[in-house]
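Asks: One file is attached below, run.csv, containing CSV, N, CA and C atoms.
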chain,number,residue,atom,x,y,z
C,35,MET,N,0.8,-1.2,0.0
C,35,MET,CA,0.0,0.0,0.0
C,35,MET,C,0.9,1.2,0.0
C,36,LYS,N,0.7,2.1,-1.0
C,36,LYS,CA,1.4,3.3,-1.1
C,36,LYS,C,1.1,4.3,-0.1
C,37,TYR,N,2.1,5.1,0.4
C,37,TYR,CA,1.8,6.2,1.4
C,37,TYR,C,1.0,7.3,0.8
C,38,SER,N,0.1,7.8,1.6
C,38,SER,CA,-0.7,8.9,1.3
C,38,SER,C,-1.0,9.7,2.5
C,39,LYS,N,-0.8,11.1,2.5
C,39,LYS,CA,-1.1,11.9,3.6
C,39,LYS,C,-2.5,11.9,4.0
C,40,GLN,N,-3.4,11.9,3.0
C,40,GLN,CA,-4.9,11.8,3.3
C,40,GLN,C,-5.2,10.5,4.0
C,41,ARG,N,-4.6,9.4,3.6
C,41,ARG,CA,-4.9,8.1,4.2
C,41,ARG,C,-4.4,8.1,5.6
C,42,GLU,N,-3.2,8.7,5.8
C,42,GLU,CA,-2.6,8.7,7.2
C,42,GLU,C,-3.5,9.5,8.1
C,43,GLU,N,-4.1,10.6,7.7
C,43,GLU,CA,-5.0,11.4,8.5
C,43,GLU,C,-6.3,10.7,8.7
C,44,ILE,N,-6.8,10.0,7.7
C,44,ILE,CA,-8.1,9.3,7.9
C,44,ILE,C,-7.9,8.2,8.9
C,45,LEU,N,-6.8,7.5,8.8
C,45,LEU,CA,-6.5,6.4,9.8
C,45,LEU,C,-6.4,7.0,11.2
C,46,LYS,N,-5.7,8.1,11.3
C,46,LYS,CA,-5.5,8.8,12.6
C,46,LYS,C,-6.9,9.2,13.2
C,47,ILE,N,-7.7,9.6,12.4
C,47,ILE,CA,-9.1,10.0,12.8
C,47,ILE,C,-9.8,8.8,13.4
C,48,VAL,N,-9.8,7.7,12.7
C,48,VAL,CA,-10.5,6.5,13.2
C,48,VAL,C,-9.8,6.0,14.4
C,49,LEU,N,-8.5,5.9,14.5
C,49,LEU,CA,-7.7,5.4,15.6
C,49,LEU,C,-7.9,6.3,16.9
C,50,ASP,N,-8.1,7.6,16.7
C,50,ASP,CA,-8.3,8.5,17.8
C,50,ASP,C,-9.8,8.6,18.2
C,51,SER,N,-10.7,8.0,17.5
C,51,SER,CA,-12.1,8.1,17.8
C,51,SER,C,-12.5,7.3,19.0
C,52,THR,N,-13.4,7.8,19.8
C,52,THR,CA,-13.9,7.1,20.9
C,52,THR,C,-15.3,6.5,20.5
C,53,ASP,N,-15.8,7.0,19.4
C,53,ASP,CA,-17.1,6.5,18.9
C,53,ASP,C,-16.8,5.5,17.7
C,54,HIS,N,-17.8,5.2,17.0
C,54,HIS,CA,-17.7,4.4,15.8
C,54,HIS,C,-18.2,5.3,14.6
C,55,PRO,N,-17.4,6.2,14.1
C,55,PRO,CA,-17.8,7.2,13.1
C,55,PRO,C,-18.2,6.5,11.8
C,56,ASN,N,-19.2,7.2,11.2
C,56,ASN,CA,-19.5,6.8,9.8
C,56,ASN,C,-18.7,7.7,8.8
C,57,VAL,N,-18.9,7.4,7.6
C,57,VAL,CA,-18.0,8.1,6.6
C,57,VAL,C,-18.2,9.6,6.6
C,58,ASN,N,-19.5,10.1,6.8
C,58,ASN,CA,-19.7,11.5,6.9
C,58,ASN,C,-19.0,12.2,8.1
C,59,THR,N,-19.0,11.5,9.2
C,59,THR,CA,-18.4,12.1,10.4
C,59,THR,C,-16.9,12.1,10.2
C,60,ILE,N,-16.3,11.1,9.6
C,60,ILE,CA,-14.9,11.0,9.3
C,60,ILE,C,-14.5,12.1,8.3
C,61,TYR,N,-15.4,12.3,7.3
C,61,TYR,CA,-15.2,13.4,6.3
C,61,TYR,C,-15.1,14.7,6.9
C,62,GLU,N,-16.1,15.0,7.8
C,62,GLU,CA,-16.1,16.3,8.5
C,62,GLU,C,-14.9,16.5,9.4
C,63,ARG,N,-14.5,15.5,10.0
C,63,ARG,CA,-13.3,15.6,10.9
C,63,ARG,C,-12.0,15.8,10.0
C,64,ALA,N,-12.0,15.1,8.9
C,64,ALA,CA,-10.8,15.2,8.0
C,64,ALA,C,-10.7,16.6,7.3
C,65,ARG,N,-11.9,17.2,7.0
C,65,ARG,CA,-11.9,18.6,6.4
C,65,ARG,C,-11.3,19.6,7.4
C,66,LYS,N,-11.3,19.4,8.7
C,66,LYS,CA,-10.7,20.3,9.6
C,66,LYS,C,-9.2,20.3,9.5
C,67,ILE,N,-8.7,19.2,9.0
C,67,ILE,CA,-7.2,19.0,8.9
C,67,ILE,C,-6.8,19.3,7.4
C,68,ILE,N,-7.6,18.7,6.5
C,68,ILE,CA,-7.3,18.9,5.1
C,68,ILE,C,-8.5,19.5,4.4
C,69,PRO,N,-8.7,20.8,4.4
C,69,PRO,CA,-9.9,21.5,3.9
C,69,PRO,C,-10.4,21.1,2.5
C,70,ASN,N,-9.5,20.7,1.6
C,70,ASN,CA,-9.9,20.4,0.2
C,70,ASN,C,-10.1,18.9,0.0
C,71,ILE,N,-10.1,18.1,1.0
C,71,ILE,CA,-10.3,16.6,0.8
C,71,ILE,C,-11.7,16.4,0.3
C,72,SER,N,-11.9,15.4,-0.6
C,72,SER,CA,-13.2,15.1,-1.1
C,72,SER,C,-13.8,13.9,-0.4
C,73,LEU,N,-15.1,13.8,-0.4
C,73,LEU,CA,-15.8,12.7,0.2
C,73,LEU,C,-15.4,11.4,-0.5
C,74,GLY,N,-15.2,11.4,-1.8
C,74,GLY,CA,-14.7,10.3,-2.6
C,74,GLY,C,-13.3,9.8,-2.1
C,75,THR,N,-12.4,10.7,-1.8
C,75,THR,CA,-11.1,10.3,-1.2
C,75,THR,C,-11.3,9.6,0.1
C,76,VAL,N,-12.2,10.1,0.9
C,76,VAL,CA,-12.4,9.5,2.2
C,76,VAL,C,-12.9,8.1,2.0
C,77,TYR,N,-13.9,7.9,1.2
C,77,TYR,CA,-14.5,6.6,0.9
C,77,TYR,C,-13.4,5.6,0.4
C,78,ARG,N,-12.6,6.0,-0.6
C,78,ARG,CA,-11.6,5.2,-1.1
C,78,ARG,C,-10.5,4.8,-0.1
C,79,ASN,N,-10.1,5.8,0.7
C,79,ASN,CA,-9.1,5.5,1.7
C,79,ASN,C,-9.6,4.6,2.9
C,80,LEU,N,-10.9,4.8,3.3
C,80,LEU,CA,-11.5,3.9,4.3
C,80,LEU,C,-11.5,2.5,3.8
C,81,ASN,N,-11.9,2.3,2.5
C,81,ASN,CA,-11.9,1.0,1.9
C,81,ASN,C,-10.6,0.3,1.9
C,82,THR,N,-9.6,1.1,1.5
C,82,THR,CA,-8.2,0.6,1.4
C,82,THR,C,-7.7,0.2,2.8
C,83,LEU,N,-8.0,1.1,3.8
C,83,LEU,CA,-7.6,0.8,5.2
C,83,LEU,C,-8.3,-0.5,5.7
C,84,TYR,N,-9.5,-0.6,5.4
C,84,TYR,CA,-10.3,-1.8,5.8
C,84,TYR,C,-9.7,-3.1,5.1
C,85,GLU,N,-9.6,-3.0,3.8
C,85,GLU,CA,-9.1,-4.1,3.0
C,85,GLU,C,-7.7,-4.6,3.4
C,86,ASN,N,-6.9,-3.7,4.0
C,86,ASN,CA,-5.5,-4.0,4.4
C,86,ASN,C,-5.4,-4.3,5.9
C,87,GLY,N,-6.6,-4.4,6.6
C,87,GLY,CA,-6.6,-4.8,7.9
C,87,GLY,C,-6.3,-3.8,9.0
C,88,PHE,N,-6.3,-2.5,8.6
C,88,PHE,CA,-6.0,-1.4,9.6
C,88,PHE,C,-7.1,-1.0,10.5
C,89,ILE,N,-8.4,-1.2,9.9
C,89,ILE,CA,-9.6,-0.8,10.6
C,89,ILE,C,-10.6,-1.8,10.4
C,90,ARG,N,-11.7,-1.7,11.1
C,90,ARG,CA,-12.8,-2.7,11.0
C,90,ARG,C,-14.0,-1.9,10.4
C,91,LYS,N,-14.7,-2.5,9.4
C,91,LYS,CA,-15.9,-1.9,8.9
C,91,LYS,C,-17.1,-2.6,9.5
C,92,ILE,N,-18.1,-1.8,10.0
C,92,ILE,CA,-19.3,-2.4,10.6
C,92,ILE,C,-20.4,-2.0,9.7
C,93,SER,N,-21.1,-2.9,9.2
C,93,SER,CA,-22.3,-2.6,8.3
C,93,SER,C,-23.4,-2.2,9.2
C,94,ASN,N,-24.0,-1.1,9.0
C,94,ASN,CA,-25.1,-0.5,9.7
C,94,ASN,C,-26.4,-1.1,9.2
C,95,PRO,N,-27.2,-1.6,10.1
C,95,PRO,CA,-28.5,-2.3,9.7
C,95,PRO,C,-29.4,-1.3,8.9
C,96,ASN,N,-29.3,0.0,9.1
C,96,ASN,CA,-30.1,0.9,8.3
C,96,ASN,C,-29.3,1.6,7.1
C,97,GLY,N,-28.2,1.0,6.7
C,97,GLY,CA,-27.5,1.5,5.6
C,97,GLY,C,-26.3,2.4,6.1
C,98,GLY,N,-25.2,2.4,5.3
C,98,GLY,CA,-24.1,3.2,5.6
C,98,GLY,C,-23.2,2.4,6.6
C,99,ASP,N,-21.9,2.5,6.5
C,99,ASP,CA,-21.0,1.7,7.3
C,99,ASP,C,-20.4,2.6,8.4
C,100,HIS,N,-20.1,2.0,9.5
C,100,HIS,CA,-19.4,2.7,10.6
C,100,HIS,C,-18.0,2.1,10.7
C,101,TYR,N,-17.0,2.7,11.3
C,101,TYR,CA,-15.6,2.3,11.3
C,101,TYR,C,-15.1,2.2,12.7
C,102,ASP,N,-14.3,1.2,13.0
C,102,ASP,CA,-13.9,0.9,14.3
C,102,ASP,C,-12.4,0.6,14.3
C,103,LYS,N,-11.7,1.1,15.4
C,103,LYS,CA,-10.3,0.8,15.5
C,103,LYS,C,-10.0,-0.5,16.2
C,104,THR,N,-11.0,-1.1,16.8
C,104,THR,CA,-10.8,-2.4,17.5
C,104,THR,C,-11.0,-3.5,16.5
C,105,LEU,N,-10.0,-4.3,16.3
C,105,LEU,CA,-10.0,-5.3,15.3
C,105,LEU,C,-10.4,-6.7,15.8
C,106,ILE,N,-10.3,-6.9,17.1
C,106,ILE,CA,-10.7,-8.2,17.7
C,106,ILE,C,-12.2,-8.3,17.6
C,107,ASP,N,-12.7,-9.6,17.6
C,107,ASP,CA,-14.1,-9.8,17.6
C,107,ASP,C,-14.8,-9.2,18.8
C,108,HIS,N,-15.8,-8.4,18.5
C,108,HIS,CA,-16.7,-7.9,19.6
C,108,HIS,C,-18.0,-7.5,18.9
C,109,ALA,N,-19.1,-7.5,19.7
C,109,ALA,CA,-20.4,-7.2,19.2
C,109,ALA,C,-20.7,-5.7,19.4
C,110,HIS,N,-21.7,-5.2,18.8
C,110,HIS,CA,-22.1,-3.8,18.8
C,110,HIS,C,-23.6,-3.7,19.1
C,111,ILE,N,-24.0,-2.5,19.6
C,111,ILE,CA,-25.4,-2.1,19.7
C,111,ILE,C,-25.5,-0.9,18.8
C,112,TYR,N,-26.5,-1.0,17.9
C,112,TYR,CA,-26.8,0.2,17.1
C,112,TYR,C,-28.1,0.8,17.5
C,113,CYS,N,-28.0,2.1,17.9
C,113,CYS,CA,-29.2,2.8,18.3
C,113,CYS,C,-30.0,3.4,17.2
C,114,ILE,N,-31.3,3.0,17.1
C,114,ILE,CA,-32.1,3.4,15.9
C,114,ILE,C,-32.6,4.8,16.1
C,115,GLU,N,-32.4,5.4,17.3
C,115,GLU,CA,-32.8,6.8,17.5
C,115,GLU,C,-31.7,7.8,17.2
C,116,CYS,N,-30.5,7.6,17.7
C,116,CYS,CA,-29.4,8.6,17.5
C,116,CYS,C,-28.4,8.1,16.5
C,117,ASN,N,-28.6,6.9,16.0
C,117,ASN,CA,-27.7,6.3,14.9
C,117,ASN,C,-26.3,6.1,15.4
C,118,ASN,N,-26.0,6.0,16.7
C,118,ASN,CA,-24.7,5.7,17.2
C,118,ASN,C,-24.5,4.2,17.4
C,119,MET,N,-23.3,3.8,17.4
C,119,MET,CA,-22.9,2.4,17.6
C,119,MET,C,-22.1,2.3,18.8
C,120,PHE,N,-22.3,1.3,19.7
C,120,PHE,CA,-21.6,1.1,20.9
C,120,PHE,C,-21.1,-0.3,21.0
C,121,ASP,N,-19.9,-0.5,21.7
C,121,ASP,CA,-19.4,-1.8,21.9
C,121,ASP,C,-20.2,-2.6,23.0
C,122,VAL,N,-20.2,-3.9,22.8
C,122,VAL,CA,-20.8,-4.8,23.8
C,122,VAL,C,-19.6,-5.4,24.5
C,123,ASP,N,-19.7,-5.6,25.8
C,123,ASP,CA,-18.6,-6.2,26.6
C,123,ASP,C,-18.2,-7.5,25.9
C,124,ALA,N,-16.9,-7.6,25.6
C,124,ALA,CA,-16.3,-8.8,24.9
C,124,ALA,C,-16.6,-10.1,25.6
C,125,ASN,N,-16.7,-10.1,27.0
C,125,ASN,CA,-17.0,-11.3,27.7
C,125,ASN,C,-18.3,-11.8,27.4
C,126,LEU,N,-19.3,-10.9,27.1
C,126,LEU,CA,-20.6,-11.4,26.7
C,126,LEU,C,-20.6,-12.1,25.4
C,127,LEU,N,-19.8,-11.5,24.5
C,127,LEU,CA,-19.7,-12.1,23.1
C,127,LEU,C,-19.1,-13.5,23.3
C,128,ASN,N,-18.1,-13.7,24.1
C,128,ASN,CA,-17.5,-15.0,24.3
C,128,ASN,C,-18.5,-16.0,24.9
C,129,ASP,N,-19.4,-15.5,25.8
C,129,ASP,CA,-20.5,-16.4,26.3
C,129,ASP,C,-21.4,-16.8,25.2
C,130,ILE,N,-21.8,-15.9,24.3
C,130,ILE,CA,-22.7,-16.2,23.2
C,130,ILE,C,-22.0,-17.2,22.3
C,131,LYS,N,-20.8,-16.9,21.9
C,131,LYS,CA,-20.1,-17.8,21.0
C,131,LYS,C,-20.0,-19.2,21.6
C,132,ALA,N,-19.7,-19.4,22.9
C,132,ALA,CA,-19.6,-20.7,23.5
C,132,ALA,C,-20.9,-21.4,23.4
C,133,LEU,N,-22.0,-20.7,23.7
C,133,LEU,CA,-23.4,-21.3,23.6
C,133,LEU,C,-23.7,-21.8,22.2
C,134,VAL,N,-23.4,-21.0,21.2
C,134,VAL,CA,-23.6,-21.3,19.8
C,134,VAL,C,-22.8,-22.5,19.4
C,135,GLU,N,-21.5,-22.5,19.8
C,135,GLU,CA,-20.6,-23.7,19.5
C,135,GLU,C,-21.1,-25.0,20.1
C,136,THR,N,-21.5,-24.9,21.4
C,136,THR,CA,-22.0,-26.1,22.1
C,136,THR,C,-23.3,-26.6,21.4
C,137,ASN,N,-24.3,-25.7,21.2
C,137,ASN,CA,-25.6,-26.1,20.7
C,137,ASN,C,-25.5,-26.5,19.2
C,138,ASN,N,-24.5,-26.1,18.5
C,138,ASN,CA,-24.4,-26.4,17.0
C,138,ASN,C,-23.3,-27.3,16.7
C,139,LYS,N,-22.5,-27.7,17.8
C,139,LYS,CA,-21.4,-28.6,17.6
C,139,LYS,C,-20.4,-28.1,16.5
C,140,CYS,N,-20.1,-26.8,16.6
C,140,CYS,CA,-19.2,-26.1,15.6
C,140,CYS,C,-18.1,-25.4,16.3
C,141,LYS,N,-17.3,-24.8,15.5
C,141,LYS,CA,-16.2,-23.9,16.0
C,141,LYS,C,-16.3,-22.6,15.2
C,142,ILE,N,-16.5,-21.5,16.0
C,142,ILE,CA,-16.7,-20.2,15.4
C,142,ILE,C,-15.3,-19.5,15.3
C,143,ASN,N,-14.9,-19.1,14.1
C,143,ASN,CA,-13.6,-18.4,13.9
C,143,ASN,C,-13.8,-16.9,13.9
C,144,LYS,N,-14.9,-16.4,13.5
C,144,LYS,CA,-15.1,-14.9,13.4
C,144,LYS,C,-16.6,-14.7,13.6
C,145,SER,N,-16.9,-13.5,14.2
C,145,SER,CA,-18.4,-13.2,14.3
C,145,SER,C,-18.6,-11.7,14.1
C,146,GLU,N,-19.8,-11.4,13.7
C,146,GLU,CA,-20.2,-10.0,13.5
C,146,GLU,C,-21.6,-9.9,14.0
C,147,ILE,N,-21.8,-9.4,15.2
C,147,ILE,CA,-23.1,-9.4,15.8
C,147,ILE,C,-23.5,-7.9,16.1
C,148,ILE,N,-24.6,-7.5,15.6
C,148,ILE,CA,-25.1,-6.1,15.9
C,148,ILE,C,-26.5,-6.2,16.5
C,149,PHE,N,-26.6,-5.7,17.7
C,149,PHE,CA,-27.9,-5.7,18.3
C,149,PHE,C,-28.5,-4.3,17.9
C,150,THR,N,-29.8,-4.3,17.6
C,150,THR,CA,-30.4,-3.0,17.2
C,150,THR,C,-31.5,-2.7,18.2
C,151,GLY,N,-31.5,-1.4,18.6
C,151,GLY,CA,-32.5,-1.0,19.6
C,151,GLY,C,-32.2,0.5,20.0
C,152,LEU,N,-32.5,0.8,21.3
C,152,LEU,CA,-32.3,2.1,21.8
C,152,LEU,C,-31.1,2.1,22.8
C,153,CYS,N,-30.2,3.0,22.7
C,153,CYS,CA,-29.1,3.1,23.6
C,153,CYS,C,-29.6,3.6,25.0
C,154,GLU,N,-28.8,3.6,26.0
C,154,GLU,CA,-29.2,4.0,27.3
C,154,GLU,C,-29.8,5.4,27.3
C,155,LYS,N,-29.1,6.3,26.7
C,155,LYS,CA,-29.5,7.7,26.6
C,155,LYS,C,-30.9,7.9,26.0
C,156,CYS,N,-31.1,7.2,24.8
C,156,CYS,CA,-32.3,7.4,24.0
C,156,CYS,C,-33.5,6.6,24.7
C,157,ASN,N,-33.1,5.6,25.5
C,157,ASN,CA,-34.1,4.8,26.1
C,157,ASN,C,-34.8,5.5,27.3
C,158,LYS,N,-34.2,6.6,27.8
C,158,LYS,CA,-34.8,7.3,28.9
C,158,LYS,C,-36.0,8.2,28.5
Give the structure from the file, written as C-alpha cells.
Replies:
Amino acid sequence: MKYSKQREEILKIVLDSTDHPNVNTIYERARKIIPNISLGTVYRNLNTLYENGFIRKISNPNGGDHYDKTLIDHAHIYCIECNNMFDVDANLLNDIKALVETNNKCKINKSEIIFTGLCEKCNK
C-alpha cells in the first residue's frame, strides 16, 4: 500500500475516535485538517484501510458503514434513535459464541453481531 497523507490522516481520525464514526463524520473531521479533501477520497481510503486490515468496517443495519479501531471480535449495539454504535462487553460475546458452538457442535472463527434498539440515553 502506497503512502498517502490523506490516508494517514483518515487512519488517525479512526484510531483517535472514541465512537464508531460513519463516513460523513470522518469526512467532516478530515476537512478540519485537510480542507480540500473530497468525500470520494475519504471513501476510497477507508476501503483501502479496511481491506488492508488497519480498521474494521461495521455494516449498519439501516445503511451506511461505521468504522472501528478495535480489530478483535466484539459485538455492537446500534441505536435506531441517535444512529450511534456502541461496543458490547467482549466477555458477553465469548459467552454467546460458546453457547452457539455447544448447541451447534461447531467452531466459530469470526463473528459480526449487531444488536439493534435504543441506547441507554435514548431509552430514557
Asks: Take atom CA of Ile71 of chain C and atom CA of Thr59 of chain C and report the distance between them in Å, one decimal.
Replies: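 Computed distance, atom CA of Ile71 of chain C to atom CA of Thr59 of chain C, equals 13.3 Å.
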Asks: From the options C:Ser38, C:Asn70, C:Ser145, C:Asn56, which residue's atoms come nearest to Gly98 of chain C, counting all atoms listed in the file?
Replies: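 Checking each of C:Ser38, C:Asn70, C:Ser145, C:Asn56 against Gly98 of chain C, counting all atoms listed in the file, the winner is C:Asn56.
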Asks: Check the DSSP output for the backbone and give back, as a list in words, the residues of chain C in strand (DSSP E or B).
Replies: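 Answer for chain C restricted to strand (DSSP E or B) is Asn56, Arg90, Lys91, Ile92, Ser93, Asp99, His100, Tyr101, Asp102, His110, Ile111, Tyr112, Cys113, Met119, Phe120, Asp121, Ile148, Phe149, Thr150 and Gly151 of chain C.
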Asks: For the residues in the current selection, export N, CA and C atoms as a PDB file, in the frame of the given file.
Replies:
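What landed in result08.pdb:
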ATOM      1  N   ASN C  56     -19.200   7.200  11.200  1.00  0.00           N
ATOM      2  CA  ASN C  56     -19.500   6.800   9.800  1.00  0.00           C
ATOM      3  C   ASN C  56     -18.700   7.700   8.800  1.00  0.00           C
ATOM      4  N   ARG C  90     -11.700  -1.700  11.100  1.00  0.00           N
ATOM      5  CA  ARG C  90     -12.800  -2.700  11.000  1.00  0.00           C
ATOM      6  C   ARG C  90     -14.000  -1.900  10.400  1.00  0.00           C
ATOM      7  N   LYS C  91     -14.700  -2.500   9.400  1.00  0.00           N
ATOM      8  CA  LYS C  91     -15.900  -1.900   8.900  1.00  0.00           C
ATOM      9  C   LYS C  91     -17.100  -2.600   9.500  1.00  0.00           C
ATOM     10  N   ILE C  92     -18.100  -1.800  10.000  1.00  0.00           N
ATOM     11  CA  ILE C  92     -19.300  -2.400  10.600  1.00  0.00           C
ATOM     12  C   ILE C  92     -20.400  -2.000   9.700  1.00  0.00           C
ATOM     13  N   SER C  93     -21.100  -2.900   9.200  1.00  0.00           N
ATOM     14  CA  SER C  93     -22.300  -2.600   8.300  1.00  0.00           C
ATOM     15  C   SER C  93     -23.400  -2.200   9.200  1.00  0.00           C
ATOM     16  N   ASP C  99     -21.900   2.500   6.500  1.00  0.00           N
ATOM     17  CA  ASP C  99     -21.000   1.700   7.300  1.00  0.00           C
ATOM     18  C   ASP C  99     -20.400   2.600   8.400  1.00  0.00           C
ATOM     19  N   HIS C 100     -20.100   2.000   9.500  1.00  0.00           N
ATOM     20  CA  HIS C 100     -19.400   2.700  10.600  1.00  0.00           C
ATOM     21  C   HIS C 100     -18.000   2.100  10.700  1.00  0.00           C
ATOM     22  N   TYR C 101     -17.000   2.700  11.300  1.00  0.00           N
ATOM     23  CA  TYR C 101     -15.600   2.300  11.300  1.00  0.00           C
ATOM     24  C   TYR C 101     -15.100   2.200  12.700  1.00  0.00           C
ATOM     25  N   ASP C 102     -14.300   1.200  13.000  1.00  0.00           N
ATOM     26  CA  ASP C 102     -13.900   0.900  14.300  1.00  0.00           C
ATOM     27  C   ASP C 102     -12.400   0.600  14.300  1.00  0.00           C
ATOM     28  N   HIS C 110     -21.700  -5.200  18.800  1.00  0.00           N
ATOM     29  CA  HIS C 110     -22.100  -3.800  18.800  1.00  0.00           C
ATOM     30  C   HIS C 110     -23.600  -3.700  19.100  1.00  0.00           C
ATOM     31  N   ILE C 111     -24.000  -2.500  19.600  1.00  0.00           N
ATOM     32  CA  ILE C 111     -25.400  -2.100  19.700  1.00  0.00           C
ATOM     33  C   ILE C 111     -25.500  -0.900  18.800  1.00  0.00           C
ATOM     34  N   TYR C 112     -26.500  -1.000  17.900  1.00  0.00           N
ATOM     35  CA  TYR C 112     -26.800   0.200  17.100  1.00  0.00           C
ATOM     36  C   TYR C 112     -28.100   0.800  17.500  1.00  0.00           C
ATOM     37  N   CYS C 113     -28.000   2.100  17.900  1.00  0.00           N
ATOM     38  CA  CYS C 113     -29.200   2.800  18.300  1.00  0.00           C
ATOM     39  C   CYS C 113     -30.000   3.400  17.200  1.00  0.00           C
ATOM     40  N   MET C 119     -23.300   3.800  17.400  1.00  0.00           N
ATOM     41  CA  MET C 119     -22.900   2.400  17.600  1.00  0.00           C
ATOM     42  C   MET C 119     -22.100   2.300  18.800  1.00  0.00           C
ATOM     43  N   PHE C 120     -22.300   1.300  19.700  1.00  0.00           N
ATOM     44  CA  PHE C 120     -21.600   1.100  20.900  1.00  0.00           C
ATOM     45  C   PHE C 120     -21.100  -0.300  21.000  1.00  0.00           C
ATOM     46  N   ASP C 121     -19.900  -0.500  21.700  1.00  0.00           N
ATOM     47  CA  ASP C 121     -19.400  -1.800  21.900  1.00  0.00           C
ATOM     48  C   ASP C 121     -20.200  -2.600  23.000  1.00  0.00           C
ATOM     49  N   ILE C 148     -24.600  -7.500  15.600  1.00  0.00           N
ATOM     50  CA  ILE C 148     -25.100  -6.100  15.900  1.00  0.00           C
ATOM     51  C   ILE C 148     -26.500  -6.200  16.500  1.00  0.00           C
ATOM     52  N   PHE C 149     -26.600  -5.700  17.700  1.00  0.00           N
ATOM     53  CA  PHE C 149     -27.900  -5.700  18.300  1.00  0.00           C
ATOM     54  C   PHE C 149     -28.500  -4.300  17.900  1.00  0.00           C
ATOM     55  N   THR C 150     -29.800  -4.300  17.600  1.00  0.00           N
ATOM     56  CA  THR C 150     -30.400  -3.000  17.200  1.00  0.00           C
ATOM     57  C   THR C 150     -31.500  -2.700  18.200  1.00  0.00           C
ATOM     58  N   GLY C 151     -31.500  -1.400  18.600  1.00  0.00           N
ATOM     59  CA  GLY C 151     -32.500  -1.000  19.600  1.00  0.00           C
ATOM     60  C   GLY C 151     -32.200   0.500  20.000  1.00  0.00           C
TER      61      GLY C 151
END
Asks: Using only N, CA and C atoms, which of the listed residues (C:Ile114, C:Leu152, C:Leu73, C:Ala109) sits closest to Leu127 of chain C?
Replies: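 Among C:Ile114, C:Leu152, C:Leu73, C:Ala109, it is C:Ala109 that comes nearest to Leu127 of chain C.
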Asks: Atom N of Glu115 of chain C and atom C of Lys131 of chain C, how far apart in Å?
Replies: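 Taking atom C of Lys131 of chain C as the start and atom N of Glu115 of chain C as the end point, the length is 27.9 Å.
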Asks: Quick one: residues within 7 Å of Asp53 of chain C, all atoms listed in the file, excluding same-chain residues fewer than 5 positions away - as a PDB file with N, CA and C atoms, keeping the file's coordinate frame?
Replies:
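This is the output file selection-v9.pdb:
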ATOM      1  N   TYR C 101     -17.000   2.700  11.300  1.00  0.00           N
ATOM      2  CA  TYR C 101     -15.600   2.300  11.300  1.00  0.00           C
ATOM      3  C   TYR C 101     -15.100   2.200  12.700  1.00  0.00           C
ATOM      4  N   ASP C 102     -14.300   1.200  13.000  1.00  0.00           N
ATOM      5  CA  ASP C 102     -13.900   0.900  14.300  1.00  0.00           C
ATOM      6  C   ASP C 102     -12.400   0.600  14.300  1.00  0.00           C
ATOM      7  N   MET C 119     -23.300   3.800  17.400  1.00  0.00           N
ATOM      8  CA  MET C 119     -22.900   2.400  17.600  1.00  0.00           C
ATOM      9  C   MET C 119     -22.100   2.300  18.800  1.00  0.00           C
TER      10      MET C 119
END
Asks: Taking the point (-0.1, -2.3, -0.6) as given in the file, collect each protein or nucleic acid residue that comes within 9 Å of it, counting only C-alpha atoms, and present the set as a PDB file with N, CA and C atoms, in the frame of the given file.
Replies:
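The result, stored in selection-v3.pdb:
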ATOM      1  N   MET C  35       0.800  -1.200   0.000  1.00  0.00           N
ATOM      2  CA  MET C  35       0.000   0.000   0.000  1.00  0.00           C
ATOM      3  C   MET C  35       0.900   1.200   0.000  1.00  0.00           C
ATOM      4  N   LYS C  36       0.700   2.100  -1.000  1.00  0.00           N
ATOM      5  CA  LYS C  36       1.400   3.300  -1.100  1.00  0.00           C
ATOM      6  C   LYS C  36       1.100   4.300  -0.100  1.00  0.00           C
ATOM      7  N   TYR C  37       2.100   5.100   0.400  1.00  0.00           N
ATOM      8  CA  TYR C  37       1.800   6.200   1.400  1.00  0.00           C
ATOM      9  C   TYR C  37       1.000   7.300   0.800  1.00  0.00           C
ATOM     10  N   THR C  82      -9.600   1.100   1.500  1.00  0.00           N
ATOM     11  CA  THR C  82      -8.200   0.600   1.400  1.00  0.00           C
ATOM     12  C   THR C  82      -7.700   0.200   2.800  1.00  0.00           C
ATOM     13  N   ASN C  86      -6.900  -3.700   4.000  1.00  0.00           N
ATOM     14  CA  ASN C  86      -5.500  -4.000   4.400  1.00  0.00           C
ATOM     15  C   ASN C  86      -5.400  -4.300   5.900  1.00  0.00           C
TER      16      ASN C  86
END
Asks: Kindly indicate which residue among C:Ala132, C:Lys139, C:Tyr112, C:Leu126 lies nearest to Gly151 of chain C, using all atoms listed in the file for the distances.
Replies: C:Tyr112
Asks: Could you check which of C:Ile111, C:Thr136, C:Tyr61, C:Glu42 is closest to Thr150 of chain C, using all atoms listed in the file?
Replies: C:Ile111
Asks: Determine, counting only N, CA and C atoms, which protein, DNA and RNA residues have an atom within 5 Å of an atom of His110 of chain C; residues of the same chain fewer than 6 positions away are not included. Present the result as number ranges by chain.
Replies: C: 120-122, 147-149
Asks: To test your reading of the structure, identify every residue in segment 39-70 of chain C that backbone DSSP assigns to alpha helix (DSSP H), and report it as an MDAnalysis selection string.
Replies: chainID C and resid 39:50 57:67
Asks: How many Å separate atom CA of Lys46 of chain C from atom CA of Ala124 of chain C?
Replies: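 Rounded to one decimal, the two atoms are 24.0 Å apart.
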